[in-house]
Structures are given as C-alpha cells and as structure tokens.
file run.pdb (PDB, N, CA and C atoms and all ligand atoms)
ATOM      1  N   MET A   1     120.012 139.025 121.608
ATOM      2  CA  MET A   1     121.303 138.393 121.307
ATOM      3  C   MET A   1     121.208 136.879 121.503
ATOM      4  N   PRO A   2     121.519 136.132 120.500
ATOM      5  CA  PRO A   2     121.417 134.673 120.654
ATOM      6  C   PRO A   2     122.582 134.095 121.469
ATOM      7  N   ILE A   3     122.207 133.456 122.538
ATOM      8  CA  ILE A   3     123.221 132.795 123.352
ATOM      9  C   ILE A   3     123.010 131.291 123.239
ATOM     10  N   TYR A   4     124.044 130.609 122.853
ATOM     11  CA  TYR A   4     123.950 129.165 122.699
ATOM     12  C   TYR A   4     124.750 128.455 123.775
ATOM     13  N   GLU A   5     124.253 127.292 124.109
ATOM     14  CA  GLU A   5     124.971 126.482 125.085
ATOM     15  C   GLU A   5     125.737 125.390 124.360
ATOM     16  N   TYR A   6     126.924 125.166 124.827
ATOM     17  CA  TYR A   6     127.769 124.138 124.229
ATOM     18  C   TYR A   6     128.241 123.162 125.290
ATOM     19  N   ARG A   7     128.519 121.957 124.833
ATOM     20  CA  ARG A   7     129.146 120.993 125.724
ATOM     21  C   ARG A   7     130.399 120.449 125.061
ATOM     22  N   CYS A   8     131.436 120.350 125.862
ATOM     23  CA  CYS A   8     132.678 119.793 125.365
ATOM     24  C   CYS A   8     132.581 118.271 125.411
ATOM     25  N   GLU A   9     132.858 117.626 124.276
ATOM     26  CA  GLU A   9     132.769 116.166 124.213
ATOM     27  C   GLU A   9     133.966 115.505 124.889
ATOM     28  N   ASP A  10     135.000 116.265 125.094
ATOM     29  CA  ASP A  10     136.209 115.700 125.695
ATOM     30  C   ASP A  10     136.204 115.751 127.218
ATOM     31  N   CYS A  11     135.832 116.915 127.781
ATOM     32  CA  CYS A  11     135.898 117.018 129.239
ATOM     33  C   CYS A  11     134.527 117.208 129.879
ATOM     34  N   GLY A  12     133.478 117.374 129.052
ATOM     35  CA  GLY A  12     132.134 117.469 129.601
ATOM     36  C   GLY A  12     131.760 118.850 130.106
ATOM     37  N   GLU A  13     132.636 119.783 129.940
ATOM     38  CA  GLU A  13     132.368 121.144 130.374
ATOM     39  C   GLU A  13     131.200 121.738 129.574
ATOM     40  N   GLU A  14     130.284 122.412 130.266
ATOM     41  CA  GLU A  14     129.191 123.091 129.580
ATOM     42  C   GLU A  14     129.364 124.584 129.737
ATOM     43  N   PHE A  15     129.186 125.291 128.654
ATOM     44  CA  PHE A  15     129.339 126.738 128.703
ATOM     45  C   PHE A  15     128.435 127.387 127.673
ATOM     46  N   SER A  16     128.126 128.636 127.889
ATOM     47  CA  SER A  16     127.298 129.341 126.916
ATOM     48  C   SER A  16     128.119 130.412 126.222
ATOM     49  N   LEU A  17     127.708 130.679 125.004
ATOM     50  CA  LEU A  17     128.489 131.570 124.171
ATOM     51  C   LEU A  17     127.543 132.477 123.394
ATOM     52  N   LEU A  18     127.923 133.714 123.300
ATOM     53  CA  LEU A  18     127.155 134.662 122.512
ATOM     54  C   LEU A  18     127.581 134.535 121.057
ATOM     55  N   ILE A  19     126.622 134.192 120.204
ATOM     56  CA  ILE A  19     126.946 134.029 118.788
ATOM     57  C   ILE A  19     126.363 135.207 118.017
ATOM     58  N   LEU A  20     127.219 136.008 117.454
ATOM     59  CA  LEU A  20     126.752 137.212 116.776
ATOM     60  C   LEU A  20     126.168 136.898 115.414
ATOM     61  N   ASN A  21     126.746 135.927 114.747
ATOM     62  CA  ASN A  21     126.236 135.546 113.436
ATOM     63  C   ASN A  21     126.105 134.023 113.356
ATOM     64  N   PRO A  22     124.898 133.502 113.673
ATOM     65  CA  PRO A  22     124.703 132.039 113.719
ATOM     66  C   PRO A  22     124.863 131.382 112.352
ATOM     67  N   LYS A  23     124.762 132.166 111.285
ATOM     68  CA  LYS A  23     124.867 131.580 109.938
ATOM     69  C   LYS A  23     126.298 131.152 109.640
ATOM     70  N   VAL A  24     127.230 131.801 110.285
ATOM     71  CA  VAL A  24     128.632 131.433 110.114
ATOM     72  C   VAL A  24     128.986 130.414 111.197
ATOM     73  N   SER A  25     129.235 129.183 110.757
ATOM     74  CA  SER A  25     129.581 128.169 111.747
ATOM     75  C   SER A  25     131.075 128.212 112.028
ATOM     76  N   THR A  26     131.360 128.615 113.227
ATOM     77  CA  THR A  26     132.763 128.676 113.614
ATOM     78  C   THR A  26     133.053 127.556 114.596
ATOM     79  N   LYS A  27     134.276 127.146 114.601
ATOM     80  CA  LYS A  27     134.687 126.132 115.561
ATOM     81  C   LYS A  27     134.677 126.742 116.955
ATOM     82  N   VAL A  28     133.941 126.113 117.849
ATOM     83  CA  VAL A  28     133.858 126.622 119.207
ATOM     84  C   VAL A  28     134.833 125.857 120.090
ATOM     85  N   GLU A  29     135.669 126.605 120.731
ATOM     86  CA  GLU A  29     136.670 125.997 121.604
ATOM     87  C   GLU A  29     136.136 125.856 123.021
ATOM     88  N   CYS A  30     136.402 124.713 123.634
ATOM     89  CA  CYS A  30     136.020 124.514 125.026
ATOM     90  C   CYS A  30     136.788 125.510 125.899
ATOM     91  N   LYS A  31     136.022 126.112 126.816
ATOM     92  CA  LYS A  31     136.658 127.124 127.650
ATOM     93  C   LYS A  31     137.583 126.505 128.704
ATOM     94  N   ALA A  32     137.348 125.248 128.977
ATOM     95  CA  ALA A  32     138.143 124.599 130.020
ATOM     96  C   ALA A  32     139.412 123.942 129.468
ATOM     97  N   CYS A  33     139.241 123.164 128.371
ATOM     98  CA  CYS A  33     140.404 122.391 127.902
ATOM     99  C   CYS A  33     140.856 122.747 126.498
ATOM    100  N   ARG A  34     140.206 123.729 125.890
ATOM    101  CA  ARG A  34     140.607 124.220 124.561
ATOM    102  C   ARG A  34     140.348 123.223 123.437
ATOM    103  N   SER A  35     139.596 122.177 123.724
ATOM    104  CA  SER A  35     139.282 121.222 122.673
ATOM    105  C   SER A  35     138.249 121.836 121.726
ATOM    106  N   SER A  36     138.337 121.493 120.457
ATOM    107  CA  SER A  36     137.335 121.993 119.509
ATOM    108  C   SER A  36     136.251 120.935 119.282
ATOM    109  N   HIS A  37     136.313 119.890 120.073
ATOM    110  CA  HIS A  37     135.346 118.799 119.998
ATOM    111  C   HIS A  37     134.108 119.148 120.832
ATOM    112  N   THR A  38     133.378 120.164 120.381
ATOM    113  CA  THR A  38     132.235 120.656 121.136
ATOM    114  C   THR A  38     130.963 120.521 120.318
ATOM    115  N   SER A  39     129.833 120.429 120.988
ATOM    116  CA  SER A  39     128.566 120.393 120.276
ATOM    117  C   SER A  39     127.571 121.347 120.929
ATOM    118  N   ARG A  40     126.710 121.883 120.092
ATOM    119  CA  ARG A  40     125.750 122.854 120.580
ATOM    120  C   ARG A  40     124.571 122.144 121.231
ATOM    121  N   LEU A  41     124.131 122.668 122.356
ATOM    122  CA  LEU A  41     122.990 122.113 123.049
ATOM    123  C   LEU A  41     121.761 122.948 122.745
ATOM    124  N   LEU A  42     120.610 122.308 122.852
ATOM    125  CA  LEU A  42     119.358 123.028 122.732
ATOM    126  C   LEU A  42     119.263 123.970 123.928
ATOM    127  N   SER A  43     118.954 125.202 123.659
ATOM    128  CA  SER A  43     118.885 126.168 124.747
ATOM    129  C   SER A  43     117.830 125.763 125.762
ATOM    130  N   ARG A  44     118.246 125.602 126.984
ATOM    131  CA  ARG A  44     117.313 125.236 128.052
ATOM    132  C   ARG A  44     116.297 126.340 128.268
ATOM    133  N   PHE A  45     116.747 127.555 128.098
ATOM    134  CA  PHE A  45     115.867 128.703 128.280
ATOM    135  C   PHE A  45     114.717 128.654 127.275
ATOM    136  N   ALA A  46     115.063 128.438 126.017
ATOM    137  CA  ALA A  46     114.056 128.383 124.964
ATOM    138  C   ALA A  46     113.088 127.233 125.222
ATOM    139  N   TYR A  47     113.616 126.115 125.697
ATOM    140  CA  TYR A  47     112.772 124.964 125.966
ATOM    141  C   TYR A  47     111.743 125.279 127.032
ATOM    142  N   HIS A  48     112.192 125.924 128.105
ATOM    143  CA  HIS A  48     111.289 126.218 129.211
ATOM    144  C   HIS A  48     110.266 127.282 128.836
ATOM    145  N   GLN A  49     110.660 128.202 127.952
ATOM    146  CA  GLN A  49     109.711 129.196 127.458
ATOM    147  C   GLN A  49     108.576 128.510 126.713
ATOM    148  N   ALA A  50     108.938 127.560 125.859
ATOM    149  CA  ALA A  50     107.949 126.849 125.067
ATOM    150  C   ALA A  50     107.017 126.051 125.974
ATOM    151  N   GLU A  51     107.598 125.433 126.961
ATOM    152  CA  GLU A  51     106.830 124.636 127.911
ATOM    153  C   GLU A  51     105.833 125.517 128.668
ATOM    154  N   ALA A  52     106.271 126.691 129.078
ATOM    155  CA  ALA A  52     105.426 127.596 129.841
ATOM    156  C   ALA A  52     104.227 128.061 129.014
ATOM    157  N   SER A  53     104.463 128.390 127.742
ATOM    158  CA  SER A  53     103.360 128.865 126.912
ATOM    159  C   SER A  53     102.415 127.714 126.584
ATOM    160  N   ARG A  54     102.961 126.505 126.524
ATOM    161  CA  ARG A  54     102.137 125.320 126.286
ATOM    162  C   ARG A  54     101.182 125.095 127.456
ATOM    163  N   VAL A  55     101.711 125.255 128.661
ATOM    164  CA  VAL A  55     100.886 125.092 129.859
ATOM    165  C   VAL A  55      99.823 126.178 129.908
ATOM    166  N   ASP A  56     100.201 127.397 129.544
ATOM    167  CA  ASP A  56      99.262 128.516 129.555
ATOM    168  C   ASP A  56      98.138 128.318 128.538
ATOM    169  N   ALA A  57      98.488 127.793 127.380
ATOM    170  CA  ALA A  57      97.527 127.632 126.296
ATOM    171  C   ALA A  57      96.592 126.445 126.541
ATOM    172  N   PHE A  58      96.999 125.573 127.423
ATOM    173  CA  PHE A  58      96.239 124.356 127.683
ATOM    174  C   PHE A  58      94.995 124.652 128.522
ATOM    175  N   ASP A  59      93.835 124.246 128.008
ATOM    176  CA  ASP A  59      92.587 124.447 128.734
ATOM    177  C   ASP A  59      92.021 123.094 129.166
ATOM    178  N   PRO A  60      92.084 122.797 130.453
ATOM    179  CA  PRO A  60      91.644 121.472 130.918
ATOM    180  C   PRO A  60      90.147 121.249 130.752
ATOM    181  N   ARG A  61      89.385 122.330 130.542
ATOM    182  CA  ARG A  61      87.936 122.183 130.413
ATOM    183  C   ARG A  61      87.511 121.800 128.997
ATOM    184  N   LYS A  62      88.440 121.997 128.043
ATOM    185  CA  LYS A  62      88.111 121.629 126.665
ATOM    186  C   LYS A  62      88.301 120.129 126.479
ATOM    187  N   PRO A  63      87.420 119.532 125.675
ATOM    188  CA  PRO A  63      87.593 118.087 125.426
ATOM    189  C   PRO A  63      88.884 117.814 124.658
ATOM    190  N   ARG A  64      89.530 116.740 125.027
ATOM    191  CA  ARG A  64      90.795 116.413 124.377
ATOM    192  C   ARG A  64      90.607 115.178 123.496
ATOM    193  N   GLY A  65      90.992 115.316 122.268
ATOM    194  CA  GLY A  65      90.840 114.218 121.326
ATOM    195  C   GLY A  65      92.023 113.269 121.355
ATOM    196  N   ASP A  66      91.974 112.319 120.457
ATOM    197  CA  ASP A  66      93.048 111.329 120.371
ATOM    198  C   ASP A  66      94.402 111.970 120.098
ATOM    199  N   SER A  67      94.373 113.026 119.271
ATOM    200  CA  SER A  67      95.637 113.643 118.876
ATOM    201  C   SER A  67      96.343 114.253 120.075
ATOM    202  N   PHE A  68      95.535 114.707 121.028
ATOM    203  CA  PHE A  68      96.132 115.284 122.232
ATOM    204  C   PHE A  68      96.952 114.225 122.964
ATOM    205  N   TYR A  69      96.377 113.051 123.083
ATOM    206  CA  TYR A  69      97.059 112.002 123.831
ATOM    207  C   TYR A  69      98.184 111.357 123.047
ATOM    208  N   ARG A  70      98.102 111.517 121.719
ATOM    209  CA  ARG A  70      99.168 110.940 120.907
ATOM    210  C   ARG A  70     100.426 111.802 120.934
ATOM    211  N   ASP A  71     100.238 113.090 121.278
ATOM    212  CA  ASP A  71     101.381 113.993 121.377
ATOM    213  C   ASP A  71     102.015 113.825 122.756
ATOM    214  N   ASP A  72     103.172 113.189 122.787
ATOM    215  CA  ASP A  72     103.731 112.860 124.100
ATOM    216  C   ASP A  72     104.227 114.098 124.854
ATOM    217  N   ARG A  73     104.269 115.240 124.147
ATOM    218  CA  ARG A  73     104.646 116.461 124.855
ATOM    219  C   ARG A  73     103.535 116.902 125.805
ATOM    220  N   ASN A  74     102.326 116.346 125.599
ATOM    221  CA  ASN A  74     101.202 116.734 126.443
ATOM    222  C   ASN A  74     101.114 115.917 127.726
ATOM    223  N   ILE A  75     101.961 114.908 127.831
ATOM    224  CA  ILE A  75     101.981 114.110 129.048
ATOM    225  C   ILE A  75     102.421 115.001 130.210
ATOM    226  N   GLY A  76     101.634 114.980 131.246
ATOM    227  CA  GLY A  76     102.008 115.758 132.427
ATOM    228  C   GLY A  76     101.530 117.201 132.377
ATOM    229  N   LEU A  77     101.005 117.596 131.226
ATOM    230  CA  LEU A  77     100.582 118.986 131.058
ATOM    231  C   LEU A  77      99.402 119.316 131.972
ATOM    232  N   TRP A  78      98.478 118.394 132.044
ATOM    233  CA  TRP A  78      97.294 118.600 132.862
ATOM    234  C   TRP A  78      97.669 118.800 134.326
ATOM    235  N   ALA A  79      98.536 117.948 134.798
ATOM    236  CA  ALA A  79      98.984 118.035 136.189
ATOM    237  C   ALA A  79      99.695 119.354 136.449
ATOM    238  N   LYS A  80     100.500 119.774 135.471
ATOM    239  CA  LYS A  80     101.226 121.032 135.630
ATOM    240  C   LYS A  80     100.275 122.208 135.676
ATOM    241  N   LYS A  81      99.263 122.167 134.813
ATOM    242  CA  LYS A  81      98.277 123.239 134.755
ATOM    243  C   LYS A  81      97.531 123.333 136.086
ATOM    244  N   ARG A  82      97.081 122.210 136.563
ATOM    245  CA  ARG A  82      96.345 122.172 137.829
ATOM    246  C   ARG A  82      97.211 122.704 138.962
ATOM    247  N   ALA A  83      98.448 122.279 138.968
ATOM    248  CA  ALA A  83      99.366 122.687 140.026
ATOM    249  C   ALA A  83      99.593 124.199 139.977
ATOM    250  N   LYS A  84      99.675 124.721 138.769
ATOM    251  CA  LYS A  84      99.902 126.151 138.598
ATOM    252  C   LYS A  84      98.694 126.925 139.111
ATOM    253  N   GLU A  85      97.497 126.436 138.779
ATOM    254  CA  GLU A  85      96.268 127.093 139.223
ATOM    255  C   GLU A  85      96.154 127.087 140.737
ATOM    256  N   MET A  86      96.611 126.022 141.329
ATOM    257  CA  MET A  86      96.502 125.893 142.788
ATOM    258  C   MET A  86      97.708 126.494 143.498
ATOM    259  N   GLY A  87      98.652 126.977 142.721
ATOM    260  CA  GLY A  87      99.829 127.588 143.303
ATOM    261  C   GLY A  87     100.765 126.583 143.956
ATOM    262  N   VAL A  88     100.701 125.346 143.444
ATOM    263  CA  VAL A  88     101.554 124.300 144.000
ATOM    264  C   VAL A  88     102.837 124.188 143.176
ATOM    265  N   ASP A  89     103.934 124.134 143.853
ATOM    266  CA  ASP A  89     105.195 123.915 143.170
ATOM    267  C   ASP A  89     105.489 122.420 143.157
ATOM    268  N   LEU A  90     105.422 121.844 141.976
ATOM    269  CA  LEU A  90     105.633 120.400 141.870
ATOM    270  C   LEU A  90     107.096 120.028 142.004
ATOM    271  N   GLY A  91     107.937 121.022 141.805
ATOM    272  CA  GLY A  91     109.356 120.777 142.027
ATOM    273  C   GLY A  91     110.063 120.135 140.857
ATOM    274  N   LYS A  92     111.350 120.034 141.009
ATOM    275  CA  LYS A  92     112.211 119.518 139.953
ATOM    276  C   LYS A  92     111.948 118.038 139.692
ATOM    277  N   ASN A  93     111.639 117.311 140.758
ATOM    278  CA  ASN A  93     111.421 115.869 140.602
ATOM    279  C   ASN A  93     110.247 115.570 139.684
ATOM    280  N   PHE A  94     109.219 116.416 139.775
ATOM    281  CA  PHE A  94     108.059 116.188 138.922
ATOM    282  C   PHE A  94     108.434 116.364 137.457
ATOM    283  N   ASP A  95     109.204 117.433 137.181
ATOM    284  CA  ASP A  95     109.664 117.674 135.814
ATOM    285  C   ASP A  95     110.422 116.475 135.282
ATOM    286  N   GLU A  96     111.263 115.924 136.134
ATOM    287  CA  GLU A  96     112.062 114.771 135.719
ATOM    288  C   GLU A  96     111.192 113.559 135.447
ATOM    289  N   THR A  97     110.155 113.384 136.273
ATOM    290  CA  THR A  97     109.244 112.264 136.085
ATOM    291  C   THR A  97     108.496 112.397 134.769
ATOM    292  N   VAL A  98     108.035 113.631 134.497
ATOM    293  CA  VAL A  98     107.332 113.885 133.239
ATOM    294  C   VAL A  98     108.264 113.628 132.064
ATOM    295  N   GLU A  99     109.489 114.098 132.211
ATOM    296  CA  GLU A  99     110.473 113.934 131.144
ATOM    297  C   GLU A  99     110.713 112.452 130.865
ATOM    298  N   LYS A 100     110.768 111.669 131.931
ATOM    299  CA  LYS A 100     110.974 110.226 131.791
ATOM    300  C   LYS A 100     109.775 109.575 131.120
ATOM    301  N   ALA A 101     108.563 110.036 131.512
ATOM    302  CA  ALA A 101     107.352 109.474 130.924
ATOM    303  C   ALA A 101     107.305 109.772 129.435
ATOM    304  N   ARG A 102     107.777 110.961 129.074
ATOM    305  CA  ARG A 102     107.748 111.364 127.674
ATOM    306  C   ARG A 102     108.732 110.574 126.827
ATOM    307  N   THR A 103     109.859 110.277 127.391
ATOM    308  CA  THR A 103     110.872 109.580 126.615
ATOM    309  C   THR A 103     110.726 108.066 126.714
ATOM    310  N   GLY A 104     109.798 107.612 127.559
ATOM    311  CA  GLY A 104     109.602 106.180 127.724
ATOM    312  C   GLY A 104     110.561 105.580 128.723
ATOM    313  N   LYS A 105     111.436 106.425 129.254
ATOM    314  CA  LYS A 105     112.439 105.957 130.188
ATOM    315  C   LYS A 105     111.803 105.541 131.514
ATOM    316  N   PHE A 106     110.662 106.178 131.794
ATOM    317  CA  PHE A 106     109.957 105.913 133.045
ATOM    318  C   PHE A 106     109.603 104.425 133.158
ATOM    319  N   MET A 107     109.084 103.876 132.068
ATOM    320  CA  MET A 107     108.695 102.481 132.071
ATOM    321  C   MET A 107     109.910 101.570 132.249
ATOM    322  N   GLU A 108     111.005 101.960 131.629
ATOM    323  CA  GLU A 108     112.219 101.169 131.773
ATOM    324  C   GLU A 108     112.654 101.110 133.231
ATOM    325  N   ASP A 109     112.621 102.269 133.886
ATOM    326  CA  ASP A 109     113.010 102.332 135.278
ATOM    327  C   ASP A 109     112.071 101.487 136.127
ATOM    328  N   PHE A 110     110.828 101.506 135.735
ATOM    329  CA  PHE A 110     109.773 100.826 136.479
ATOM    330  C   PHE A 110     109.964  99.312 136.433
ATOM    331  N   GLU A 111     110.411  98.846 135.276
ATOM    332  CA  GLU A 111     110.547  97.411 135.080
ATOM    333  C   GLU A 111     111.770  96.813 135.750
ATOM    334  N   LYS A 112     112.674  97.655 136.143
ATOM    335  CA  LYS A 112     113.913  97.168 136.757
ATOM    336  C   LYS A 112     113.647  96.514 138.105
TER     337      LYS A 112
HETATM  338 ZN    ZN A 201     136.781 120.582 127.308
END

call {"tool": "encode", "arguments": {"input": "run.pdb", "output": "structure tokens", "more": "lines below"}}
Ligand SMILES: [Zn+2]
result
Amino acid sequence: MPIYEYRCEDCGEEFSLLILNPKVSTKVECKACRSSHTSRLLSRFAYHQAEASRVDAFDPRKPRGDSFYRDDRNIGLWAKKRAKEMGVDLGKNFDETVEKARTGKFMEDFEK
C-alpha cells in the first residue's frame, strides 16, 4: 500500500496518507488546519531503503573511478560502509553531516 507523506504549507503540519490510487490526484487536506495548501514529500522510508542498498552494494576493495567521485550521492558512503562492518553506529549527526556535504551546505557552514 503506498503511503505518502505530506506537509501543510500553511501550518507546517506533516502527516502521512494512504493513497489507494496515486494516478488520481486528489486535493489533500491538512489534518490539522483543513488547508488544501499541501505538498507531497519524498517518502523518507523509500529514501532510507535506497541508501541502505547503496551501502550494501558498495565494495570498498574495488577501485573507484572518476565517475564514483563525481556522483555526490557516494560522499560518505565509504565511511558508512566501514562503520557498518565494524558495527559502529555513526548516529544521526553523521547522516546530517553527509547530507550537508552532498548539498554543498557543509562548505557554507564552514565558511561562516
Ligand atoms: Zn495545516
């Protein structure tokens, strides 16, 4: 069953909704304030699934070419893989740091 996450643009409320037929776009009402000014969010669950399989598929012993480093989704992958192998929990802060590095926000913060 596809469950989508929505955010209300008016009050900021986030909620998830079971969508039976995604092809039919219906106006989604905010559960908190009844506003129809809502937007669908990328499913966090789906994102983390993709990330997990990416880490699993990553082999640190294989040589990495230029294309590997050009794909900014691979930033932090090596560290995550190593941490997983060693059974280390890098924690939420590490994820955030990687996310910042990927979006370039890390450098902005650094320069402040
Ligand atoms: Zn709302």

call {"tool": "closest_atom_pairs", "arguments": {"input": "run.pdb", "of": "chain A", "to": "ligand ZN 201 (chain A)", "cutoff": "8 Å", "atoms": "only C-alpha atoms and all ligand atoms", "output": "JSON lines"}}
result
{"residue": "A:Arg7", "atom": "CA", "partner": "A:ZN201", "partner_atom": "ZN", "distance": 7.8}
{"residue": "A:Cys8", "atom": "CA", "partner": "A:ZN201", "partner_atom": "ZN", "distance": 4.6}
{"residue": "A:Glu9", "atom": "CA", "partner": "A:ZN201", "partner_atom": "ZN", "distance": 6.7}
{"residue": "A:Asp10", "atom": "CA", "partner": "A:ZN201", "partner_atom": "ZN", "distance": 5.2}
{"residue": "A:Cys11", "atom": "CA", "partner": "A:ZN201", "partner_atom": "ZN", "distance": 4.1}
{"residue": "A:Gly12", "atom": "CA", "partner": "A:ZN201", "partner_atom": "ZN", "distance": 6.0}
{"residue": "A:Glu13", "atom": "CA", "partner": "A:ZN201", "partner_atom": "ZN", "distance": 5.4}
{"residue": "A:Glu29", "atom": "CA", "partner": "A:ZN201", "partner_atom": "ZN", "distance": 7.9}
{"residue": "A:Cys30", "atom": "CA", "partner": "A:ZN201", "partner_atom": "ZN", "distance": 4.6}
{"residue": "A:Lys31", "atom": "CA", "partner": "A:ZN201", "partner_atom": "ZN", "distance": 6.6}
{"residue": "A:Ala32", "atom": "CA", "partner": "A:ZN201", "partner_atom": "ZN", "distance": 5.0}
{"residue": "A:Cys33", "atom": "CA", "partner": "A:ZN201", "partner_atom": "ZN", "distance": 4.1}
{"residue": "A:Arg34", "atom": "CA", "partner": "A:ZN201", "partner_atom": "ZN", "distance": 6.0}
{"residue": "A:Ser35", "atom": "CA", "partner": "A:ZN201", "partner_atom": "ZN", "distance": 5.3}
{"residue": "A:Ser36", "atom": "CA", "partner": "A:ZN201", "partner_atom": "ZN", "distance": 7.9}
{"residue": "A:His37", "atom": "CA", "partner": "A:ZN201", "partner_atom": "ZN", "distance": 7.7}
{"residue": "A:Thr38", "atom": "CA", "partner": "A:ZN201", "partner_atom": "ZN", "distance": 7.7}

call {"tool": "resolve_selection", "arguments": {"input": "run.pdb", "expression": "the PyMOL selection byres (((chain A and resi 16 and name CA) around 8) and not hetatm and name CA)", "output": "number ranges by chain"}}
result
A: 3-6, 14-15, 17-18

call {"tool": "resolve_selection", "arguments": {"input": "run.pdb", "expression": "the PyMOL selection byres (((chain A and resi 77-83) around 8) and not hetatm)", "output": "list of chain:residue names"}}
result
A:Arg54, A:Val55, A:Asp56, A:Phe58, A:Asp59, A:Pro60, A:Asp72, A:Arg73, A:Asn74, A:Ile75, A:Gly76, A:Lys84, A:Glu85, A:Met86, A:Gly87, A:Val88, A:Asp89, A:Leu90, A:Val98

call {"tool": "atom_distance", "arguments": {"input": "run.pdb", "atom1": "CA of Ala52 (chain A)", "atom2": "CA of Ala101 (chain A)"}}
result
18.3 Å

call {"tool": "atom_distance", "arguments": {"input": "run.pdb", "atom1": "CA of Ile19 (chain A)", "atom2": "atom C of Ser39 (chain A)"}}
result
12.9 Å

call {"tool": "atom_distance", "arguments": {"input": "run.pdb", "atom1": "CA of Pro2 (chain A)", "atom2": "atom C of Ser53 (chain A)"}}
result
21.1 Å

call {"tool": "select_by_dssp", "arguments": {"input": "run.pdb", "residues": "region 8-92 of chain A", "states": "strand (DSSP E)", "output": "ChimeraX atom specification"}}
result
/A:8,14-18,38-41

call {"tool": "build_atoms", "arguments": {"input": "run.pdb", "residues": "region 4-10 of chain A", "atoms": "all heavy atoms", "output": "PDB file, keeping the file's coordinate frame"}}
result
ATOM      1  N   TYR A   4     124.044 130.609 122.853  1.00  0.00           N
ATOM      2  CA  TYR A   4     123.950 129.165 122.699  1.00  0.00           C
ATOM      3  C   TYR A   4     124.750 128.455 123.775  1.00  0.00           C
ATOM      4  O   TYR A   4     125.758 128.964 124.244  1.00  0.00           O
ATOM      5  CB  TYR A   4     124.455 128.737 121.320  1.00  0.00           C
ATOM      6  CG  TYR A   4     123.597 129.237 120.200  1.00  0.00           C
ATOM      7  CD1 TYR A   4     124.020 130.278 119.389  1.00  0.00           C
ATOM      8  CD2 TYR A   4     122.338 128.675 119.983  1.00  0.00           C
ATOM      9  CE1 TYR A   4     123.219 130.754 118.366  1.00  0.00           C
ATOM     10  CE2 TYR A   4     121.535 129.149 118.958  1.00  0.00           C
ATOM     11  CZ  TYR A   4     121.976 130.182 118.152  1.00  0.00           C
ATOM     12  OH  TYR A   4     121.190 130.643 117.145  1.00  0.00           O
ATOM     13  N   GLU A   5     124.253 127.292 124.109  1.00  0.00           N
ATOM     14  CA  GLU A   5     124.971 126.482 125.085  1.00  0.00           C
ATOM     15  C   GLU A   5     125.737 125.390 124.360  1.00  0.00           C
ATOM     16  O   GLU A   5     125.239 124.790 123.412  1.00  0.00           O
ATOM     17  CB  GLU A   5     123.986 125.844 126.072  1.00  0.00           C
ATOM     18  CG  GLU A   5     123.483 126.814 127.094  1.00  0.00           C
ATOM     19  CD  GLU A   5     122.679 126.092 128.166  1.00  0.00           C
ATOM     20  OE1 GLU A   5     123.289 125.536 129.086  1.00  0.00           O
ATOM     21  OE2 GLU A   5     121.457 126.084 128.063  1.00  0.00           O
ATOM     22  N   TYR A   6     126.924 125.166 124.827  1.00  0.00           N
ATOM     23  CA  TYR A   6     127.769 124.138 124.229  1.00  0.00           C
ATOM     24  C   TYR A   6     128.241 123.162 125.290  1.00  0.00           C
ATOM     25  O   TYR A   6     128.337 123.504 126.469  1.00  0.00           O
ATOM     26  CB  TYR A   6     129.006 124.774 123.576  1.00  0.00           C
ATOM     27  CG  TYR A   6     128.695 125.534 122.317  1.00  0.00           C
ATOM     28  CD1 TYR A   6     128.285 126.856 122.393  1.00  0.00           C
ATOM     29  CD2 TYR A   6     128.795 124.932 121.084  1.00  0.00           C
ATOM     30  CE1 TYR A   6     127.980 127.571 121.237  1.00  0.00           C
ATOM     31  CE2 TYR A   6     128.497 125.634 119.925  1.00  0.00           C
ATOM     32  CZ  TYR A   6     128.094 126.956 120.014  1.00  0.00           C
ATOM     33  OH  TYR A   6     127.791 127.644 118.881  1.00  0.00           O
ATOM     34  N   ARG A   7     128.519 121.957 124.833  1.00  0.00           N
ATOM     35  CA  ARG A   7     129.146 120.993 125.724  1.00  0.00           C
ATOM     36  C   ARG A   7     130.399 120.449 125.061  1.00  0.00           C
ATOM     37  O   ARG A   7     130.401 120.155 123.869  1.00  0.00           O
ATOM     38  CB  ARG A   7     128.213 119.849 126.078  1.00  0.00           C
ATOM     39  CG  ARG A   7     128.920 118.887 127.048  1.00  0.00           C
ATOM     40  CD  ARG A   7     128.033 117.824 127.654  1.00  0.00           C
ATOM     41  NE  ARG A   7     127.060 117.303 126.720  1.00  0.00           N
ATOM     42  CZ  ARG A   7     125.794 117.033 127.064  1.00  0.00           C
ATOM     43  NH1 ARG A   7     125.386 117.241 128.274  1.00  0.00           N
ATOM     44  NH2 ARG A   7     124.959 116.536 126.189  1.00  0.00           N
ATOM     45  N   CYS A   8     131.436 120.350 125.862  1.00  0.00           N
ATOM     46  CA  CYS A   8     132.678 119.793 125.365  1.00  0.00           C
ATOM     47  C   CYS A   8     132.581 118.271 125.411  1.00  0.00           C
ATOM     48  O   CYS A   8     132.236 117.693 126.436  1.00  0.00           O
ATOM     49  CB  CYS A   8     133.837 120.281 126.225  1.00  0.00           C
ATOM     50  SG  CYS A   8     135.391 119.491 125.784  1.00  0.00           S
ATOM     51  N   GLU A   9     132.858 117.626 124.276  1.00  0.00           N
ATOM     52  CA  GLU A   9     132.769 116.166 124.213  1.00  0.00           C
ATOM     53  C   GLU A   9     133.966 115.505 124.889  1.00  0.00           C
ATOM     54  O   GLU A   9     133.940 114.317 125.191  1.00  0.00           O
ATOM     55  CB  GLU A   9     132.687 115.696 122.755  1.00  0.00           C
ATOM     56  CG  GLU A   9     131.557 116.304 121.948  1.00  0.00           C
ATOM     57  CD  GLU A   9     130.178 115.835 122.415  1.00  0.00           C
ATOM     58  OE1 GLU A   9     130.112 114.851 123.184  1.00  0.00           O
ATOM     59  OE2 GLU A   9     129.183 116.466 122.034  1.00  0.00           O
ATOM     60  N   ASP A  10     135.000 116.265 125.094  1.00  0.00           N
ATOM     61  CA  ASP A  10     136.209 115.700 125.695  1.00  0.00           C
ATOM     62  C   ASP A  10     136.204 115.751 127.218  1.00  0.00           C
ATOM     63  O   ASP A  10     136.516 114.768 127.882  1.00  0.00           O
ATOM     64  CB  ASP A  10     137.455 116.417 125.158  1.00  0.00           C
ATOM     65  CG  ASP A  10     137.725 116.015 123.701  1.00  0.00           C
ATOM     66  OD1 ASP A  10     137.267 114.924 123.312  1.00  0.00           O
ATOM     67  OD2 ASP A  10     138.351 116.782 122.980  1.00  0.00           O
TER      68      ASP A  10
END
